[in-house]
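Text of the file coords02.txt, holding compact mmCIF, C-alpha atoms:
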# COMPACT_ATOMS: atom_id res chain seq x y z
CA MET A 1 -5.76 -6.03 -11.26
CA HIS A 2 -5.29 -2.46 -10.04
CA GLU A 3 -1.60 -2.66 -11.01
CA LEU A 4 -2.78 -1.48 -14.44
CA THR A 5 -4.20 1.68 -12.83
CA ILE A 6 -0.91 2.15 -10.98
CA ALA A 7 1.04 1.61 -14.23
CA SER A 8 -1.16 4.14 -16.08
CA SER A 9 -0.82 6.73 -13.30
CA LEU A 10 2.92 6.17 -13.31
CA ILE A 11 3.17 6.64 -17.08
CA GLU A 12 0.95 9.74 -16.95
CA LEU A 13 3.06 11.26 -14.17
CA ALA A 14 6.36 10.48 -15.94
CA SER A 15 5.04 11.82 -19.26
CA ASP A 16 3.91 15.07 -17.60
CA HIS A 17 7.36 15.58 -16.12
CA ALA A 18 9.03 14.65 -19.41
CA SER A 19 7.03 17.28 -21.32
CA ARG A 20 8.03 19.89 -18.74
CA ASN A 21 11.66 18.94 -19.38
CA GLY A 22 11.78 19.26 -23.15
CA ARG A 23 10.96 16.82 -25.93
CA GLY A 24 12.85 13.80 -24.62
CA ARG A 25 11.71 10.20 -24.36
CA VAL A 26 11.42 8.49 -20.99
CA THR A 27 13.85 5.56 -20.99
CA GLY A 28 13.68 4.62 -17.32
CA MET A 29 11.53 5.02 -14.22
CA HIS A 30 12.62 4.55 -10.63
CA VAL A 31 9.85 3.63 -8.24
CA ARG A 32 9.70 2.98 -4.49
CA LEU A 33 7.04 0.42 -3.58
CA GLY A 34 6.18 -0.66 -0.06
CA VAL A 35 5.83 -4.42 0.46
CA MET A 36 2.29 -3.85 1.77
CA CYS A 37 1.24 -2.76 -1.74
CA GLY A 38 2.14 -6.25 -2.92
CA ILE A 39 2.13 -5.35 -6.59
CA ALA A 40 5.82 -5.29 -7.56
CA ARG A 41 5.72 -8.45 -9.65
CA SER A 42 2.41 -7.68 -11.35
CA LEU A 43 3.53 -4.10 -12.04
CA TYR A 44 6.61 -5.40 -13.90
CA PHE A 45 4.29 -7.69 -15.84
CA CYS A 46 1.84 -5.06 -17.08
CA PHE A 47 4.24 -2.11 -17.33
CA GLY A 48 5.61 -2.85 -20.83
CA PRO A 49 2.24 -3.20 -22.57
CA ALA A 50 0.90 -0.15 -20.68
CA THR A 51 3.67 2.07 -22.06
CA ARG A 52 2.83 1.26 -25.70
CA GLY A 53 2.03 4.36 -27.73
CA THR A 54 3.18 6.72 -24.97
CA ARG A 55 6.43 8.69 -24.69
CA CYS A 56 7.46 6.10 -22.07
CA GLU A 57 7.37 3.23 -24.56
CA GLY A 58 10.32 0.93 -24.04
CA ALA A 59 11.23 2.51 -20.68
CA LYS A 60 12.84 0.26 -18.11
CA LEU A 61 11.11 -0.02 -14.75
CA HIS A 62 13.31 -0.10 -11.65
CA ILE A 63 11.48 -0.99 -8.43
CA GLU A 64 12.99 -0.52 -5.01
CA GLU A 65 10.92 -2.53 -2.52
CA VAL A 66 10.55 -0.84 0.85
CA PRO A 67 10.33 -3.22 3.83
CA LEU A 68 7.64 -3.01 6.49
CA THR A 69 8.55 -1.19 9.70
CA ILE A 70 6.29 -0.13 12.55
CA PHE A 71 6.79 2.15 15.52
CA CYS A 72 6.30 0.33 18.81
CA GLU A 73 5.16 2.82 21.42
CA HIS A 74 6.05 0.49 24.29
CA CYS A 75 9.64 -0.10 23.13
CA ALA A 76 9.72 3.48 21.77
CA GLU A 77 11.53 2.21 18.71
CA ALA A 78 11.06 1.26 15.08
CA ARG A 79 10.64 -2.49 14.60
CA SER A 80 10.25 -4.95 11.71
CA PRO A 81 7.16 -7.14 12.15
CA ARG A 82 7.48 -10.86 11.39
CA SER A 83 4.83 -10.86 8.68
CA LEU A 84 2.63 -8.52 6.66
CA SER A 85 -0.47 -9.79 8.43
CA ASN A 86 0.78 -9.30 11.96
CA LEU A 87 1.66 -5.74 12.87
CA ARG A 88 2.71 -6.57 16.44
CA CYS A 89 6.11 -5.65 17.80
CA PRO A 90 8.31 -8.75 17.40
CA ASP A 91 9.97 -8.02 20.77
CA CYS A 92 7.20 -7.10 23.21
CA GLY A 93 4.25 -8.50 21.23
CA ARG A 94 2.14 -5.37 21.58
CA PRO A 95 0.06 -4.27 18.59
CA SER A 96 0.99 -1.13 16.73
CA ARG A 97 -0.97 1.00 14.31
CA LYS A 98 1.89 3.22 13.29
CA VAL A 99 3.28 1.93 10.03
CA LEU A 100 6.53 3.80 9.36
CA SER A 101 7.33 2.26 6.01
CA GLY A 102 5.92 -0.39 3.69
CA ARG A 103 3.01 1.50 2.13
CA GLU A 104 4.99 3.77 -0.22
CA MET A 105 4.08 4.15 -3.87
CA GLU A 106 6.37 6.85 -5.22
CA LEU A 107 7.96 7.78 -8.48
CA THR A 108 11.41 8.98 -7.42
CA HIS A 109 13.30 9.57 -10.71
CA ILE A 110 12.85 9.34 -14.43
CA GLU A 111 15.57 8.90 -17.03
CA LEU A 112 15.15 11.14 -20.05
CA GLU A 113 16.86 10.71 -23.37
CA ASP A 114 16.79 13.70 -25.68
CA GLU A 115 15.80 12.62 -29.14
CA ALA A 116 18.71 11.86 -31.45
CA PRO A 117 18.58 13.62 -34.84
CA HIS A 118 17.22 11.51 -37.72
CA PRO A 119 20.02 9.25 -39.14
CA VAL A 120 19.62 10.68 -42.67
CA ALA A 121 19.86 14.25 -41.39
CA GLN A 122 22.86 13.24 -39.36
CA ALA A 123 24.55 11.65 -42.41
CA ARG A 124 23.89 14.82 -44.47
CA GLN A 125 25.41 16.93 -41.76
CA THR A 126 28.52 14.70 -41.77
CA LEU A 127 28.79 14.96 -45.59
CA GLN A 128 28.57 18.74 -45.48
CA MET B 129 24.28 11.80 -30.20
CA SER B 130 21.46 11.36 -27.73
CA GLN B 131 21.82 12.73 -24.25
CA LYS B 132 20.64 10.98 -21.09
CA ARG B 133 19.40 12.89 -18.07
CA LEU B 134 18.12 11.84 -14.68
CA VAL B 135 15.22 13.94 -13.39
CA GLN B 136 14.21 13.82 -9.75
CA ILE B 137 10.44 13.53 -9.18
CA GLU B 138 9.70 12.23 -5.62
CA GLN B 139 5.94 12.15 -6.09
CA GLU B 140 3.13 9.82 -4.99
CA ILE B 141 2.06 7.68 -7.92
CA LEU B 142 -1.60 8.10 -6.94
CA ALA B 143 -1.19 11.84 -6.27
CA LYS B 144 -3.91 12.63 -8.78
CA ASN B 145 -6.41 10.32 -7.07
CA GLY B 146 -5.40 11.93 -3.77
CA MET B 147 -6.20 15.37 -5.19
CA PHE B 148 -9.66 14.27 -6.31
CA ALA B 149 -10.20 12.59 -2.93
CA ASP B 150 -9.34 15.84 -1.13
CA GLY B 151 -11.85 17.61 -3.38
CA VAL B 152 -14.56 15.07 -2.51
CA ARG B 153 -13.72 15.33 1.21
CA ASP B 154 -13.97 19.15 1.08
CA GLU B 155 -17.27 19.05 -0.76
CA LEU B 156 -18.77 16.47 1.63
CA GLY B 157 -17.33 18.33 4.62
CA SER B 158 -18.91 21.62 3.57
CA GLN B 159 -22.24 19.81 3.21
CA GLY B 160 -21.83 18.00 6.53
CA VAL B 161 -22.32 14.67 4.78
CA LEU B 162 -20.80 11.48 6.21
CA ALA B 163 -19.44 9.15 3.50
CA LEU B 164 -18.84 5.45 4.11
CA ASN B 165 -16.87 3.36 1.61
CA LEU B 166 -18.12 -0.24 1.78
CA ILE B 167 -15.55 -2.80 0.67
CA ALA B 168 -16.21 -6.54 0.32
CA SER B 169 -15.87 -9.49 -2.04
CA PRO B 170 -18.65 -10.14 -4.58
CA GLY B 171 -21.54 -11.83 -2.82
CA ALA B 172 -20.69 -10.76 0.74
CA GLY B 173 -24.14 -9.21 1.04
CA LYS B 174 -23.26 -5.53 0.66
CA THR B 175 -26.38 -4.56 -1.27
CA THR B 176 -28.74 -6.63 0.90
CA LEU B 177 -27.29 -5.04 4.04
CA LEU B 178 -27.52 -1.61 2.43
CA VAL B 179 -31.17 -2.05 1.39
CA GLU B 180 -32.11 -3.15 4.93
CA THR B 181 -30.07 -0.25 6.40
CA LEU B 182 -31.74 2.36 4.17
CA GLN B 183 -35.20 1.06 5.05
CA ARG B 184 -34.45 1.27 8.75
CA LEU B 185 -32.86 4.74 8.48
CA LYS B 186 -35.88 6.20 6.68
CA GLY B 187 -36.98 9.44 8.31
CA ALA B 188 -33.84 9.69 10.48
CA PHE B 189 -31.66 11.66 8.05
CA PRO B 190 -31.18 11.89 4.27
CA THR B 191 -29.25 9.04 2.60
CA TRP B 192 -27.73 8.52 -0.85
CA VAL B 193 -25.93 5.64 -2.52
CA ILE B 194 -23.18 5.44 -5.12
CA GLU B 195 -23.05 1.94 -6.57
CA GLY B 196 -19.89 0.58 -8.18
CA ASP B 197 -20.06 -2.51 -10.38
CA GLN B 198 -18.23 -3.61 -13.47
CA GLU B 199 -21.52 -4.04 -15.34
CA THR B 200 -25.32 -3.61 -14.95
CA ALA B 201 -27.51 -1.22 -12.95
CA ASN B 202 -29.04 -4.09 -10.95
CA ASP B 203 -27.77 -2.82 -7.60
CA ALA B 204 -28.80 0.80 -8.14
CA ASP B 205 -32.27 -0.49 -9.11
CA ARG B 206 -32.48 -2.41 -5.83
CA ILE B 207 -31.46 0.74 -3.92
CA ARG B 208 -33.92 2.98 -5.80
CA ALA B 209 -36.71 0.56 -4.84
CA THR B 210 -36.21 1.88 -1.27
CA ASP B 211 -36.87 5.45 -2.50
CA THR B 212 -33.22 6.38 -2.02
CA GLN B 213 -31.37 8.45 -4.62
CA ALA B 214 -28.69 6.26 -6.23
CA VAL B 215 -26.02 6.68 -8.91
CA GLN B 216 -24.64 3.62 -10.66
CA ILE B 217 -21.02 3.69 -11.81
CA ASN B 218 -19.98 0.95 -14.23
CA THR B 219 -16.23 0.51 -14.17
CA GLY B 220 -16.14 -1.90 -17.15
CA LYS B 221 -12.93 -3.87 -16.68
CA GLY B 222 -11.92 -1.64 -13.75
CA CYS B 223 -11.62 -3.43 -10.43
CA HIS B 224 -12.25 -0.48 -8.08
CA LEU B 225 -13.81 2.97 -7.80
CA ASP B 226 -11.53 6.01 -7.82
CA ALA B 227 -12.04 9.50 -6.41
CA ASP B 228 -12.56 11.09 -9.83
CA MET B 229 -15.58 8.80 -10.40
CA ILE B 230 -16.99 9.83 -7.01
CA GLN B 231 -16.55 13.53 -7.73
CA ARG B 232 -18.48 13.16 -10.99
CA ALA B 233 -21.20 11.09 -9.30
CA LEU B 234 -21.66 13.73 -6.56
CA ALA B 235 -22.77 16.21 -9.22
CA SER B 236 -25.91 14.16 -9.86
CA LEU B 237 -26.88 13.77 -6.20
CA SER B 238 -28.88 16.40 -4.35
CA LEU B 239 -26.91 16.40 -1.09
CA GLU B 240 -28.36 17.96 2.05
CA GLN B 241 -26.78 18.96 5.36
CA GLY B 242 -26.28 16.10 7.80
CA GLY B 243 -26.98 13.17 5.51
CA VAL B 244 -25.11 9.92 4.99
CA LEU B 245 -23.65 8.81 1.66
CA PHE B 246 -22.96 5.08 1.21
CA ILE B 247 -20.45 4.17 -1.48
CA GLU B 248 -20.71 0.51 -2.40
CA ASN B 249 -17.36 -0.31 -3.99
CA VAL B 250 -16.85 -2.88 -6.74
CA GLY B 251 -16.99 -6.41 -5.26
CA ASN B 252 -13.32 -7.02 -4.57
CA LEU B 253 -11.43 -7.38 -1.31
CA ALA B 254 -8.03 -6.48 -2.77
CA CYS B 255 -7.90 -3.45 -5.08
CA PRO B 256 -10.41 -0.96 -3.58
CA ALA B 257 -8.39 -0.83 -0.34
CA GLY B 258 -5.65 1.29 -1.93
CA PHE B 259 -7.89 4.04 -3.28
CA ASP B 260 -8.98 6.96 -1.14
CA LEU B 261 -12.43 8.09 -2.30
CA GLY B 262 -12.64 11.03 0.10
CA GLU B 263 -14.74 8.97 2.52
CA ALA B 264 -14.80 9.42 6.29
CA HIS B 265 -14.44 5.67 6.92
CA LYS B 266 -13.82 2.48 5.04
CA VAL B 267 -16.06 -0.36 6.24
CA VAL B 268 -15.02 -3.89 5.32
CA ILE B 269 -17.82 -6.45 5.11
CA LEU B 270 -17.03 -10.15 5.32
CA SER B 271 -19.71 -12.86 5.22
CA VAL B 272 -19.50 -16.05 7.28
CA THR B 273 -19.58 -18.12 4.08
CA GLU B 274 -16.17 -16.76 3.03
CA GLY B 275 -13.70 -18.08 5.59
CA ASP B 276 -12.33 -16.54 8.78
CA ASP B 277 -8.76 -16.25 7.43
CA LYS B 278 -9.63 -13.46 4.96
CA PRO B 279 -7.95 -10.75 7.10
CA VAL B 280 -4.63 -12.60 6.71
CA LYS B 281 -5.16 -13.16 2.99
CA TYR B 282 -6.21 -9.58 2.18
CA PRO B 283 -4.52 -7.52 4.92
CA GLU B 284 -4.74 -4.14 3.18
CA ALA B 285 -8.56 -3.97 3.25
CA PHE B 286 -8.56 -4.72 7.00
CA ALA B 287 -5.66 -2.35 7.67
CA ALA B 288 -7.48 0.51 5.96
CA ALA B 289 -10.92 -0.04 7.54
CA THR B 290 -12.39 1.55 10.66
CA LEU B 291 -15.06 -1.13 11.04
CA LEU B 292 -15.32 -4.84 10.22
CA VAL B 293 -18.89 -6.05 9.66
CA ILE B 294 -19.29 -9.82 9.69
CA SER B 295 -22.43 -10.45 7.66
CA LYS B 296 -24.90 -13.32 7.08
CA SER B 297 -24.62 -14.38 10.73
CA ASP B 298 -27.86 -16.38 10.28
CA LEU B 299 -25.78 -18.82 8.18
CA ALA B 300 -23.07 -19.19 10.85
CA PRO B 301 -24.43 -22.51 12.22
CA TYR B 302 -23.90 -24.05 8.75
CA CYS B 303 -20.40 -22.71 8.17
CA ASP B 304 -17.07 -23.36 9.89
CA PHE B 305 -16.49 -19.68 10.43
CA ASP B 306 -14.86 -18.75 13.75
CA ILE B 307 -16.05 -15.18 14.36
CA GLU B 308 -13.73 -14.58 17.31
CA ALA B 309 -10.67 -15.88 15.42
CA CYS B 310 -11.57 -13.69 12.44
CA VAL B 311 -11.81 -10.54 14.59
CA ASP B 312 -8.52 -11.46 16.34
CA ARG B 313 -6.80 -11.80 12.96
CA ALA B 314 -8.16 -8.44 11.82
CA ARG B 315 -6.84 -6.86 15.07
CA GLU B 316 -3.35 -8.27 14.41
CA ILE B 317 -3.32 -6.09 11.29
CA ASN B 318 -5.32 -3.19 12.67
CA PRO B 319 -5.46 -3.04 16.49
CA THR B 320 -8.10 -0.31 16.54
CA ILE B 321 -10.56 -1.87 14.08
CA GLU B 322 -14.07 -2.13 15.51
CA SER B 323 -16.28 -5.13 14.71
CA LEU B 324 -19.95 -6.02 14.45
CA VAL B 325 -21.83 -9.22 13.61
CA VAL B 326 -24.98 -8.72 11.54
CA SER B 327 -27.63 -10.50 9.56
CA ALA B 328 -29.75 -8.37 7.24
CA ARG B 329 -32.08 -11.34 6.91
CA ASP B 330 -32.98 -12.00 10.57
CA GLY B 331 -32.06 -8.54 11.90
CA THR B 332 -29.21 -9.65 14.19
CA GLY B 333 -26.84 -6.76 14.98
CA MET B 334 -28.80 -4.24 12.88
CA THR B 335 -29.39 -1.98 15.90
CA GLU B 336 -25.65 -1.94 16.66
CA TRP B 337 -24.79 -1.26 13.00
CA LEU B 338 -27.27 1.62 12.80
CA GLY B 339 -25.93 2.90 16.14
CA TRP B 340 -22.41 2.89 14.72
CA ILE B 341 -23.53 4.94 11.69
CA VAL B 342 -25.40 7.42 13.90
CA ARG B 343 -22.32 7.87 16.14
CA ALA B 344 -19.97 8.31 13.15
CA ARG B 345 -22.34 10.94 11.73
CA GLN B 346 -22.53 12.77 15.08
CA THR B 347 -18.74 12.75 15.49
CA GLN B 348 -18.24 14.17 12.01
CA LEU B 349 -20.88 16.88 12.53
CA GLN B 350 -19.37 17.80 15.92
CA ASP B 351 -15.89 18.04 14.38
CA LEU B 352 -17.31 20.20 11.60
CA ALA B 353 -19.09 22.46 14.11
CA HIS B 354 -15.87 22.82 16.15
CA SER B 355 -13.74 23.73 13.14
CA LEU B 356 -16.37 26.24 11.93
CA GLN B 357 -16.52 27.72 15.44
CA ALA B 358 -12.72 28.03 15.49
CA ARG B 359 -12.79 29.80 12.11
CA MET B 360 -15.53 32.14 13.32
CA ASP B 361 -13.47 32.95 16.42
CA ILE B 362 -10.45 33.81 14.26
CA ILE B 363 -12.59 36.06 12.05
CA ARG B 364 -14.24 37.74 15.09
CA ASN B 365 -10.84 38.35 16.66
CA ALA B 366 -9.57 39.86 13.43
CA LEU B 367 -12.66 42.06 13.29
CA HIS B 368 -12.16 43.39 16.82
CA ALA B 369 -8.38 43.69 16.60
Turn the structure described in the file into structure tokens.
Amino acid sequence: MHELTIASSLIELASDHASRNGRGRVTGMHVRLGVMCGIARSLYFCFGPATRGTRCEGAKLHIEEVPLTIFCEHCAEARSPRSLSNLRCPDCGRPSRKVLSGREMELTHIELEDEAPHPVAQARQTLQ
Amino acid sequence: MSQKRLVQIEQEILAKNGMFADGVRDELGSQGVLALNLIASPGAGKTTLLVETLQRLKGAFPTWVIEGDQETANDADRIRATDTQAVQINTGKGCHLDADMIQRALASLSLEQGGVLFIENVGNLACPAGFDLGEAHKVVILSVTEGDDKPVKYPEAFAAATLLVISKSDLAPYCDFDIEACVDRAREINPTIESLVVSARDGTGMTEWLGWIVRARQTQLQDLAHSLQARMDIIRNALHA
């Protein structure tokens, strides 16, 4: 259920950046989510309704899922564990506590669209 | 014509919560207060364990409790019955506590040097794991009536915790809960997680649990003393330079 909190934080963050960059509307958000967060699908689900009434309304959400990698001290290398609930090195079987990737929750980019002039105003301008 | 622009952000989505958490950590650090964030499903026995803990810690050092529940002040009332100062936070539909809520709650507690603050999170093994409250340690509590495969089902809570407390051990003979298998599964996710088996009802493991709290408090106070000493040394050196 906390995907709604994540969605709201995301919208707040994007809106803050949008206001610092003029009066534009946010039409897209690019997010990096680690697989350990496990909320990609539910975030897509609640994102639309959460944007309603904000300057991010109608924005498209793009999620890049980041796979889980650990650092195995014994092999002295980065490894990809076999499952999310077993953080052992798949080669030597030793446990590792160093998660290199898979826990990210970052807003990387936003797409801004500067507001188009009102159609009537635009038509008047064309007539003039 | 509308114009499209791509703006680079590269920021943590929960950066704001992180900021509040840092604020809480600073405030607790300056007061020398150890904060423990207790995470468990509803009905795991968090409040019962807490009530028993507070009674046994009476006179040792000051204690406070922040209670998180979607509704009611039932839990805070149970805590206050032990003469411990408690703040109840009702999250409504919210499924977890966040650091902003904790910072507000701290304002109504009269913290003293060297005490221990227990934060009982909303009953939920999933969502609270992702939110830093500015605590020193997350403690995950799992009762023997819940199933020993919970670490595999909710890995984040076990990955984030320093200690796993297996509660209601008095009911173990009536449940098919394999304590050893459960601890092994938790260690697959978090190799350094410590574990304890307790029963607030018959007192099993309470001494070990209290011992763990006392050690965590001592470690934090020692670290605080060392960092203050280091700062004093820097200031003294500057003074005599």
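Going from atom CA of A:Cys37 to atom CA of B:Phe305 covers 27.4 Å.
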Residues of chain B at most 7 Å from chain A: nearest atom pair and distance in Å, only C-alpha atoms, as JSON lines:
{"residue": "B:Met129", "atom": "CA", "partner": "A:Ala116", "partner_atom": "CA", "distance": 5.7}
{"residue": "B:Ser130", "atom": "CA", "partner": "A:Ala116", "partner_atom": "CA", "distance": 4.7}
{"residue": "B:Gln131", "atom": "CA", "partner": "A:Asp114", "partner_atom": "CA", "distance": 5.3}
{"residue": "B:Lys132", "atom": "CA", "partner": "A:Glu113", "partner_atom": "CA", "distance": 4.4}
{"residue": "B:Arg133", "atom": "CA", "partner": "A:Leu112", "partner_atom": "CA", "distance": 5.0}
{"residue": "B:Leu134", "atom": "CA", "partner": "A:Glu111", "partner_atom": "CA", "distance": 4.5}
{"residue": "B:Val135", "atom": "CA", "partner": "A:Ile110", "partner_atom": "CA", "distance": 5.3}
{"residue": "B:Gln136", "atom": "CA", "partner": "A:His109", "partner_atom": "CA", "distance": 4.5}
{"residue": "B:Ile137", "atom": "CA", "partner": "A:Thr108", "partner_atom": "CA", "distance": 5.0}
{"residue": "B:Glu138", "atom": "CA", "partner": "A:Thr108", "partner_atom": "CA", "distance": 4.1}
{"residue": "B:Gln139", "atom": "CA", "partner": "A:Leu107", "partner_atom": "CA", "distance": 5.4}
{"residue": "B:Glu140", "atom": "CA", "partner": "A:Glu106", "partner_atom": "CA", "distance": 4.4}
{"residue": "B:Ile141", "atom": "CA", "partner": "A:Glu106", "partner_atom": "CA", "distance": 5.2}
{"residue": "B:Leu142", "atom": "CA", "partner": "A:Ser9", "partner_atom": "CA", "distance": 6.6}
{"residue": "B:Cys223", "atom": "CA", "partner": "A:His2", "partner_atom": "CA", "distance": 6.4}
{"residue": "B:Cys255", "atom": "CA", "partner": "A:His2", "partner_atom": "CA", "distance": 5.7}
{"residue": "B:Val280", "atom": "CA", "partner": "A:Ser85", "partner_atom": "CA", "distance": 5.3}
{"residue": "B:Pro283", "atom": "CA", "partner": "A:Ser85", "partner_atom": "CA", "distance": 5.8}
{"residue": "B:Glu316", "atom": "CA", "partner": "A:Asn86", "partner_atom": "CA", "distance": 4.9}
{"residue": "B:Ile317", "atom": "CA", "partner": "A:Leu87", "partner_atom": "CA", "distance": 5.2}
{"residue": "B:Asn318", "atom": "CA", "partner": "A:Arg97", "partner_atom": "CA", "distance": 6.3}
{"residue": "B:Pro319", "atom": "CA", "partner": "A:Pro95", "partner_atom": "CA", "distance": 6.0}
Legend entry - Interatomic distance (Å, one decimal) between atom CA of B:Ser271 and atom CA of B:Gly173: 7.1 Å
Inset, instruction - Pull the neighbourhood of (10.5, -9.4, 17.8) for me: all residues within 12 Å in file coordinates, counting only C-alpha atoms, as a ChimeraX atom specification. - result: /A:69-70,72,75,77-83,86-95
Inset, instruction - Please provide the set of residues having any atom within 9 Å of stretch 224-234 of chain B, restricted to only C-alpha atoms, with same-chain residues fewer than 2 positions apart removed, written as number ranges by chain. - result: A: 2; B: 144-152, 155, 194, 196-198, 215-217, 219, 222, 236-239, 247, 249-252, 255-257, 259-262
Grab the residues selected above and save them as a short mmCIF file (atom, residue, chain, number, x, y, z; two decimals), in the frame of the given file with C-alpha atoms.
data_model
loop_
_atom_site.label_atom_id
_atom_site.label_comp_id
_atom_site.auth_asym_id
_atom_site.auth_seq_id
_atom_site.Cartn_x
_atom_site.Cartn_y
_atom_site.Cartn_z
CA HIS A 2 -5.29 -2.46 -10.04
CA LYS B 144 -3.91 12.63 -8.78
CA ASN B 145 -6.41 10.32 -7.07
CA GLY B 146 -5.40 11.93 -3.77
CA MET B 147 -6.20 15.37 -5.19
CA PHE B 148 -9.66 14.27 -6.31
CA ALA B 149 -10.20 12.59 -2.93
CA ASP B 150 -9.34 15.84 -1.13
CA GLY B 151 -11.85 17.61 -3.38
CA VAL B 152 -14.56 15.07 -2.51
CA GLU B 155 -17.27 19.05 -0.76
CA ILE B 194 -23.18 5.44 -5.12
CA GLY B 196 -19.89 0.58 -8.18
CA ASP B 197 -20.06 -2.51 -10.38
CA GLN B 198 -18.23 -3.61 -13.47
CA VAL B 215 -26.02 6.68 -8.91
CA GLN B 216 -24.64 3.62 -10.66
CA ILE B 217 -21.02 3.69 -11.81
CA THR B 219 -16.23 0.51 -14.17
CA GLY B 222 -11.92 -1.64 -13.75
CA SER B 236 -25.91 14.16 -9.86
CA LEU B 237 -26.88 13.77 -6.20
CA SER B 238 -28.88 16.40 -4.35
CA LEU B 239 -26.91 16.40 -1.09
CA ILE B 247 -20.45 4.17 -1.48
CA ASN B 249 -17.36 -0.31 -3.99
CA VAL B 250 -16.85 -2.88 -6.74
CA GLY B 251 -16.99 -6.41 -5.26
CA ASN B 252 -13.32 -7.02 -4.57
CA CYS B 255 -7.90 -3.45 -5.08
CA PRO B 256 -10.41 -0.96 -3.58
CA ALA B 257 -8.39 -0.83 -0.34
CA PHE B 259 -7.89 4.04 -3.28
CA ASP B 260 -8.98 6.96 -1.14
CA LEU B 261 -12.43 8.09 -2.30
CA GLY B 262 -12.64 11.03 0.10
#
Legend entry - Residue nearest B:Ser295 among B:His368, B:Arg206, B:Lys174, B:Arg184 (counting all atoms listed in the file): B:Lys174
Which residues come within 8 Å of stretch 321-323 of chain B, counting all atoms listed in the file, excluding same-chain residues fewer than 2 positions away, as a PDB file with C-alpha atoms, keeping the file's coordinate frame?
ATOM      1  CA  PHE B 286      -8.560  -4.720   7.000  1.00  0.00           C
ATOM      2  CA  ALA B 289     -10.920  -0.040   7.540  1.00  0.00           C
ATOM      3  CA  THR B 290     -12.390   1.550  10.660  1.00  0.00           C
ATOM      4  CA  LEU B 291     -15.060  -1.130  11.040  1.00  0.00           C
ATOM      5  CA  LEU B 292     -15.320  -4.840  10.220  1.00  0.00           C
ATOM      6  CA  VAL B 293     -18.890  -6.050   9.660  1.00  0.00           C
ATOM      7  CA  ILE B 294     -19.290  -9.820   9.690  1.00  0.00           C
ATOM      8  CA  VAL B 311     -11.810 -10.540  14.590  1.00  0.00           C
ATOM      9  CA  ALA B 314      -8.160  -8.440  11.820  1.00  0.00           C
ATOM     10  CA  ARG B 315      -6.840  -6.860  15.070  1.00  0.00           C
ATOM     11  CA  ASN B 318      -5.320  -3.190  12.670  1.00  0.00           C
ATOM     12  CA  PRO B 319      -5.460  -3.040  16.490  1.00  0.00           C
ATOM     13  CA  VAL B 325     -21.830  -9.220  13.610  1.00  0.00           C
TER      14      VAL B 325
END
Inset, instruction - Mind giving me the straight-line distance from atom CA of A:Ile39 to atom CA of A:Ser19 in Å, one decimal? - result: 27.4 Å
Nearby residues (only C-alpha atoms) at most 12 Å from B:Lys186, same-chain spacing under 6 positions excluded, as a PDB file with C-alpha atoms, in the coordinates of the input:
ATOM      1  CA  VAL B 179     -31.170  -2.050   1.390  1.00  0.00           C
ATOM      2  CA  GLU B 180     -32.110  -3.150   4.930  1.00  0.00           C
ATOM      3  CA  TRP B 192     -27.730   8.520  -0.850  1.00  0.00           C
ATOM      4  CA  THR B 210     -36.210   1.880  -1.270  1.00  0.00           C
ATOM      5  CA  ASP B 211     -36.870   5.450  -2.500  1.00  0.00           C
ATOM      6  CA  THR B 212     -33.220   6.380  -2.020  1.00  0.00           C
ATOM      7  CA  GLY B 243     -26.980  13.170   5.510  1.00  0.00           C
ATOM      8  CA  VAL B 244     -25.110   9.920   4.990  1.00  0.00           C
ATOM      9  CA  LEU B 338     -27.270   1.620  12.800  1.00  0.00           C
TER      10      LEU B 338
END
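Shortest atom-to-atom contact with B:Gly242 among B:Ala264, B:Leu367, B:Ala287, B:Leu156: B:Leu156, counting only C-alpha atoms.
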